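As stored in my_file-v1.tsv (TSV, C-alpha atoms):
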chain	number	residue	atom	x	y	z
A	1	MET	CA	7.76	136.20	-131.14
A	2	ARG	CA	4.90	136.66	-128.72
A	3	ASP	CA	5.14	136.07	-124.97
A	4	ARG	CA	2.66	133.71	-123.37
A	5	ILE	CA	3.27	135.58	-120.11
A	6	PRO	CA	3.87	139.34	-120.38
A	7	HIS	CA	7.56	140.10	-120.05
A	8	GLU	CA	6.74	142.91	-117.62
A	9	PHE	CA	5.24	140.43	-115.15
A	10	VAL	CA	8.14	138.00	-115.44
A	11	ALA	CA	10.80	140.69	-115.03
A	12	SER	CA	8.97	142.18	-112.05
A	13	PHE	CA	8.64	138.77	-110.41
A	14	LEU	CA	12.37	138.16	-110.78
A	15	ALA	CA	13.09	141.65	-109.48
A	16	GLY	CA	11.04	140.84	-106.40
A	17	LEU	CA	13.12	137.73	-105.77
A	18	THR	CA	16.19	139.89	-105.24
A	19	ALA	CA	14.67	140.99	-101.92
A	20	PHE	CA	15.36	137.49	-100.61
A	21	ILE	CA	18.96	137.75	-101.81
A	22	GLY	CA	19.67	141.08	-100.17
A	23	GLY	CA	17.60	140.50	-97.06
A	24	THR	CA	19.89	137.92	-95.50
A	25	ALA	CA	22.66	137.94	-92.94
A	26	LEU	CA	25.17	138.10	-95.81
A	27	HIS	CA	23.89	141.60	-96.64
A	28	LEU	CA	24.65	141.10	-100.34
A	29	PRO	CA	24.08	143.99	-102.79
A	30	PRO	CA	21.04	142.84	-104.83
A	31	TRP	CA	21.08	146.05	-106.86
A	32	ALA	CA	24.31	144.80	-108.48
A	33	ILE	CA	22.17	142.15	-110.19
A	34	PHE	CA	20.26	144.93	-111.94
A	35	ILE	CA	23.54	146.43	-113.18
A	36	GLY	CA	24.44	143.25	-115.03
A	37	TRP	CA	20.82	142.74	-116.05
A	38	ALA	CA	20.59	146.17	-117.66
A	39	GLY	CA	24.02	145.75	-119.24
A	40	THR	CA	22.82	142.58	-120.94
A	41	PHE	CA	19.96	144.37	-122.66
A	42	LEU	CA	22.19	147.32	-123.55
A	43	LEU	CA	24.29	144.81	-125.50
A	44	GLY	CA	21.21	143.71	-127.42
A	45	GLY	CA	19.60	141.14	-125.16
A	46	PRO	CA	20.33	137.81	-123.48
A	47	SER	CA	22.78	135.56	-125.30
A	48	LEU	CA	25.74	133.45	-124.27
A	49	THR	CA	28.08	135.78	-126.17
A	50	ASN	CA	26.83	138.88	-124.36
A	51	ALA	CA	26.89	137.11	-121.02
A	52	ARG	CA	30.49	136.04	-121.54
A	53	ARG	CA	31.54	139.57	-122.43
A	54	LEU	CA	30.05	140.89	-119.20
A	55	TRP	CA	31.36	138.00	-117.12
A	56	MET	CA	34.85	138.75	-118.43
A	57	THR	CA	34.79	142.50	-117.93
A	58	MET	CA	32.65	143.25	-114.87
A	59	PRO	CA	34.82	141.26	-112.42
A	60	LEU	CA	37.93	142.84	-113.92
A	61	GLY	CA	36.47	146.31	-113.39
A	62	SER	CA	35.73	145.40	-109.77
A	63	THR	CA	39.32	144.17	-109.43
A	64	PHE	CA	40.72	147.52	-110.57
A	65	ALA	CA	38.44	149.23	-108.05
A	66	LEU	CA	39.70	146.87	-105.34
A	67	VAL	CA	43.28	147.83	-106.22
A	68	ILE	CA	42.43	151.51	-105.78
A	69	VAL	CA	40.97	150.87	-102.32
A	70	LEU	CA	43.92	148.73	-101.21
A	71	ILE	CA	46.50	151.26	-102.38
A	72	ASP	CA	44.61	154.15	-100.82
A	73	GLN	CA	44.47	152.33	-97.51
A	74	GLN	CA	48.25	151.98	-97.58
A	75	ILE	CA	49.41	155.39	-98.81
A	76	GLY	CA	46.30	157.57	-98.58
A	77	THR	CA	47.87	159.85	-95.97
A	78	ILE	CA	51.37	159.94	-97.43
A	79	ALA	CA	50.96	163.63	-98.33
A	80	GLY	CA	49.30	164.52	-95.04
A	81	THR	CA	46.13	163.92	-93.09
A	82	GLY	CA	44.28	166.94	-94.41
A	83	GLN	CA	41.31	166.35	-96.70
A	84	PHE	CA	42.89	168.10	-99.67
A	85	ALA	CA	46.11	166.11	-99.31
A	86	GLN	CA	44.19	162.82	-99.13
A	87	ASN	CA	42.08	163.81	-102.13
A	88	LEU	CA	45.23	164.62	-104.08
A	89	VAL	CA	46.75	161.21	-103.37
A	90	LEU	CA	43.49	159.44	-104.20
A	91	ALA	CA	43.22	161.36	-107.48
A	92	ALA	CA	46.72	160.22	-108.44
A	93	ILE	CA	45.88	156.60	-107.58
A	94	ILE	CA	42.67	156.73	-109.62
A	95	PHE	CA	44.52	158.25	-112.57
A	96	VAL	CA	47.10	155.46	-112.66
A	97	VAL	CA	44.73	152.55	-112.06
A	98	ASN	CA	41.99	153.88	-114.32
A	99	SER	CA	44.53	154.33	-117.12
A	100	ALA	CA	45.55	150.70	-116.67
A	101	LEU	CA	41.89	149.68	-116.86
A	102	MET	CA	41.31	151.50	-120.12
A	103	PHE	CA	44.52	150.25	-121.71
A	104	THR	CA	43.43	146.73	-120.77
A	105	GLY	CA	40.40	147.36	-122.95
A	106	ARG	CA	42.71	147.17	-125.96
A	107	LEU	CA	42.92	143.44	-125.41
A	108	LYS	CA	40.27	141.61	-127.39
A	109	ALA	CA	38.98	139.60	-124.44
A	110	PHE	CA	38.37	142.78	-122.42
A	111	ALA	CA	37.34	145.12	-125.22
A	112	LEU	CA	33.99	145.87	-123.57
A	113	ILE	CA	35.27	148.78	-121.49
A	114	PRO	CA	31.76	149.86	-120.37
A	115	GLY	CA	31.42	146.39	-118.85
A	116	MET	CA	34.53	147.03	-116.78
A	117	PHE	CA	33.11	150.33	-115.59
A	118	LEU	CA	29.88	148.60	-114.55
A	119	GLY	CA	31.91	146.36	-112.27
A	120	PHE	CA	34.15	149.28	-111.27
A	121	ALA	CA	31.23	151.38	-110.05
A	122	SER	CA	29.46	148.39	-108.49
A	123	TYR	CA	32.48	147.63	-106.33
A	124	PHE	CA	32.76	151.15	-104.94
A	125	ALA	CA	29.03	151.21	-104.17
A	126	THR	CA	29.33	147.87	-102.40
A	127	PHE	CA	32.41	148.74	-100.37
A	128	PHE	CA	31.57	152.30	-99.37
A	129	GLY	CA	27.90	151.42	-98.94
A	130	GLY	CA	28.77	148.83	-96.31
A	131	PHE	CA	27.39	145.87	-98.26
A	132	GLY	CA	28.79	142.35	-98.21
A	133	PHE	CA	29.15	139.56	-95.69
A	134	ASP	CA	31.91	141.53	-93.92
A	135	PRO	CA	31.23	145.28	-94.28
A	136	GLN	CA	34.24	147.51	-94.94
A	137	ASN	CA	36.35	144.49	-95.83
A	138	PRO	CA	37.70	145.18	-99.35
A	139	TRP	CA	37.99	141.51	-100.26
A	140	ALA	CA	34.54	140.62	-98.95
A	141	ALA	CA	33.10	143.48	-100.98
A	142	TRP	CA	34.83	142.14	-104.09
A	143	VAL	CA	33.46	138.61	-103.65
A	144	SER	CA	29.97	139.94	-102.95
A	145	VAL	CA	29.74	142.29	-105.91
A	146	VAL	CA	31.26	139.85	-108.40
A	147	ALA	CA	28.69	137.23	-107.40
A	148	MET	CA	25.79	139.66	-107.76
A	149	ASN	CA	27.01	141.10	-111.07
A	150	PHE	CA	27.35	137.54	-112.35
A	151	LEU	CA	23.66	136.94	-111.74
A	152	GLY	CA	22.68	139.92	-113.90
A	153	PRO	CA	22.89	138.14	-117.29
A	154	VAL	CA	21.24	135.09	-115.72
A	155	PHE	CA	18.24	137.12	-114.61
A	156	ALA	CA	18.12	138.79	-118.03
A	157	TYR	CA	17.93	135.37	-119.69
A	158	LEU	CA	15.27	134.13	-117.28
A	159	SER	CA	13.17	137.26	-117.84
A	160	MET	CA	12.88	136.26	-121.50
A	161	ARG	CA	12.80	132.49	-121.16
A	162	LEU	CA	10.13	132.35	-118.45
A	163	ALA	CA	7.82	134.47	-120.61
A	164	PHE	CA	7.59	131.36	-122.83
A	165	PRO	CA	7.78	133.19	-126.18
A	166	ARG	CA	6.20	131.60	-129.24
A	167	PRO	CA	6.25	132.52	-132.95
A	168	THR	CA	3.23	134.49	-134.10
A	169	GLN	CA	1.20	133.33	-137.12
A	170	GLY	CA	1.52	136.74	-138.71
A	171	VAL	CA	5.28	136.53	-138.67
A	172	GLU	CA	5.25	133.04	-140.19
A	173	ALA	CA	2.76	134.09	-142.88
A	174	SER	CA	4.84	137.13	-143.75
A	175	ARG	CA	7.95	134.98	-143.99
A	176	THR	CA	6.16	132.52	-146.30
A	177	THR	CA	4.96	135.38	-148.51
A	178	ASP	CA	8.46	136.83	-148.76
A	179	ILE	CA	9.84	133.46	-149.85
A	180	ALA	CA	7.12	133.05	-152.49
A	181	VAL	CA	7.75	136.54	-153.88
A	182	ALA	CA	11.48	135.86	-154.07
A	183	GLU	CA	10.89	132.60	-155.93
A	184	ASP	CA	8.50	134.26	-158.40
A	185	SER	CA	11.00	137.03	-159.02
A	186	ALA	CA	13.78	134.56	-159.71
A	187	ALA	CA	11.54	132.58	-162.08
A	188	GLY	CA	10.62	135.75	-163.95
A	189	GLU	CA	14.26	136.65	-164.45
A	190	ARG	CA	14.95	133.22	-165.91
A	191	ASP	CA	12.00	133.44	-168.32
A	192	SER	CA	12.69	136.99	-169.52
A	193	GLY	CA	16.06	136.31	-171.18
A	194	PRO	CA	16.54	134.39	-174.49
A	195	ARG	CA	17.57	130.80	-174.23
A	196	ALA	CA	21.17	129.92	-174.99
A	197	GLU	CA	20.30	127.71	-177.98
A	198	ASP	CA	18.17	130.51	-179.53
A	199	ARG	CA	21.15	132.85	-179.42
A	200	VAL	CA	23.40	130.25	-181.06
A	201	LEU	CA	20.92	129.61	-183.91
A	202	ALA	CA	20.35	133.30	-184.51
A	203	GLU	CA	24.02	134.20	-184.76
A	204	PRO	CA	24.88	132.45	-188.12
A	205	THR	CA	21.81	133.95	-189.84
A	206	SER	CA	22.80	137.41	-188.76
A	207	THR	CA	26.36	136.85	-189.98
A	208	ARG	CA	25.29	135.59	-193.45
A	209	GLY	CA	23.00	138.57	-193.92
A	210	HIS	CA	25.89	140.89	-193.15
A	211	ASP	CA	28.16	139.16	-195.71
A	212	ARG	CA	25.66	139.69	-198.52
Let me see the file written as structure tokens.
Amino acid sequence: MRDRIPHEFVASFLAGLTAFIGGTALHLPPWAIFIGWAGTFLLGGPSLTNARRLWMTMPLGSTFALVIVLIDQQIGTIAGTGQFAQNLVLAAIIFVVNSALMFTGRLKAFALIPGMFLGFASYFATFFGGFGFDPQNPWAAWVSVVAMNFLGPVFAYLSMRLAFPRPTQGVEASRTTDIAVAEDSAAGERDSGPRAEDRVLAEPTSTRGHDR
């Protein structure tokens, strides 16, 4: 396939459009689009199957991250207000929730564990970075990042589709040549062996000669 418009131009144009998404009063995290966009190509490129895998796992990863934040807000100082004590509690929370995330990856629908970690990391960056329509609100951060991650596979698809790819003549000619060679090879194999009726006629003669 050959692009009518260079893919680099199309992808860069779409990347520029994210400035209008992030530069609003909603203060959405446009960089989260690039996370899903890159993840799509890491899976092999835009396709409905790859998009579904990311759409299933990225929001779930963000959900596990949300759980960590909510639990930490409730019991983060249970061992004391010192930094080490808070870090110790947070480490325990992360251990438990992260283990649950990875065990969830054993389910077929959520087997793409890296996809969950893309959403996992995106949520923390959104929440602690103060992004979202209500900064420092855990739920607002979740809605914001899930929406932006969702657009990643969409932008990946558009970056290919809007390049208007077309088959190249060289590829078609090569394909035609390969088919012709395969047909000639098959015909040669059929012609090289003796015909069935020739083998039947030859067998009695050989047998009579052996009897004499």
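Between atom CA of A:Gln73 and atom CA of A:Leu26 the separation is 24.0 Å.
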Within 8 Å of A:Ile113, counting all atoms listed in the file, which residues show up once you throw out same-chain ones fewer than 4 positions away? Write them as a PyMOL selection string, please.
-> chain A and resi 57+102+105+117
Taking (30.7, 140.8, -95.6) in the file's coordinates as the center, which residues reach within 12 Å of it, counting all atoms listed in the file, put as JSON, numbers by chain?
-> {"A": [22, 24, 25, 26, 27, 28, 29, 126, 127, 129, 130, 131, 132, 133, 134, 135, 136, 137, 138, 139, 140, 141, 142, 143, 144, 145]}
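Using only C-alpha atoms, the nearest neighbour of A:Pro153 within the list A:Ala11, A:Ala32, A:Gly39, A:Arg4 is A:Gly39.
Going from atom CA of A:Ser62 to atom CA of A:Gly119 covers 4.7 Å.
For the atom pair formed by atom CA of A:Pro30 and atom CA of A:Ala163, the distance is 22.2 Å, given to one decimal.
You can rank A:Asn98, A:Asn149, A:Ser47, A:Thr18 by their closest distance to A:Ala65 using only C-alpha atoms, and at the top of that list sits A:Asn98.
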A:Ala109 surroundings by only C-alpha atoms, 12 Å radius, close-in-sequence under 4 positions cut, as a ChimeraX atom specification = /A:49,52-57,60,104-105,113,115-116
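Counting only C-alpha atoms and comparing A:Val154, A:Leu162, A:Leu70, A:Ala92, the residue that lies closest to A:Pro46 is A:Val154.
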With 6 Å added on each side, what axis-aligned box encloses every listed atom of stretch 147-156 of chain A? Give the centre and edge lengths in Å to one decimal, as lines of an AutoDock Vina configuration file.
center_x = 23.4
center_y = 138.1
center_z = -112.7
size_x = 22.6
size_y = 18.0
size_z = 22.6
Near-A:Leu88 list (12 Å; only C-alpha atoms; drop same-chain fewer than 5 positions) as number ranges by chain | A: 72, 75-83, 93-95
Keeping only C-alpha atoms, write the selected residues to a file as a CSV table (one decimal), in the coordinates of the input.
chain,number,residue,atom,x,y,z
A,72,ASP,CA,44.6,154.2,-100.8
A,75,ILE,CA,49.4,155.4,-98.8
A,76,GLY,CA,46.3,157.6,-98.6
A,77,THR,CA,47.9,159.8,-96.0
A,78,ILE,CA,51.4,159.9,-97.4
A,79,ALA,CA,51.0,163.6,-98.3
A,80,GLY,CA,49.3,164.5,-95.0
A,81,THR,CA,46.1,163.9,-93.1
A,82,GLY,CA,44.3,166.9,-94.4
A,83,GLN,CA,41.3,166.4,-96.7
A,93,ILE,CA,45.9,156.6,-107.6
A,94,ILE,CA,42.7,156.7,-109.6
A,95,PHE,CA,44.5,158.2,-112.6
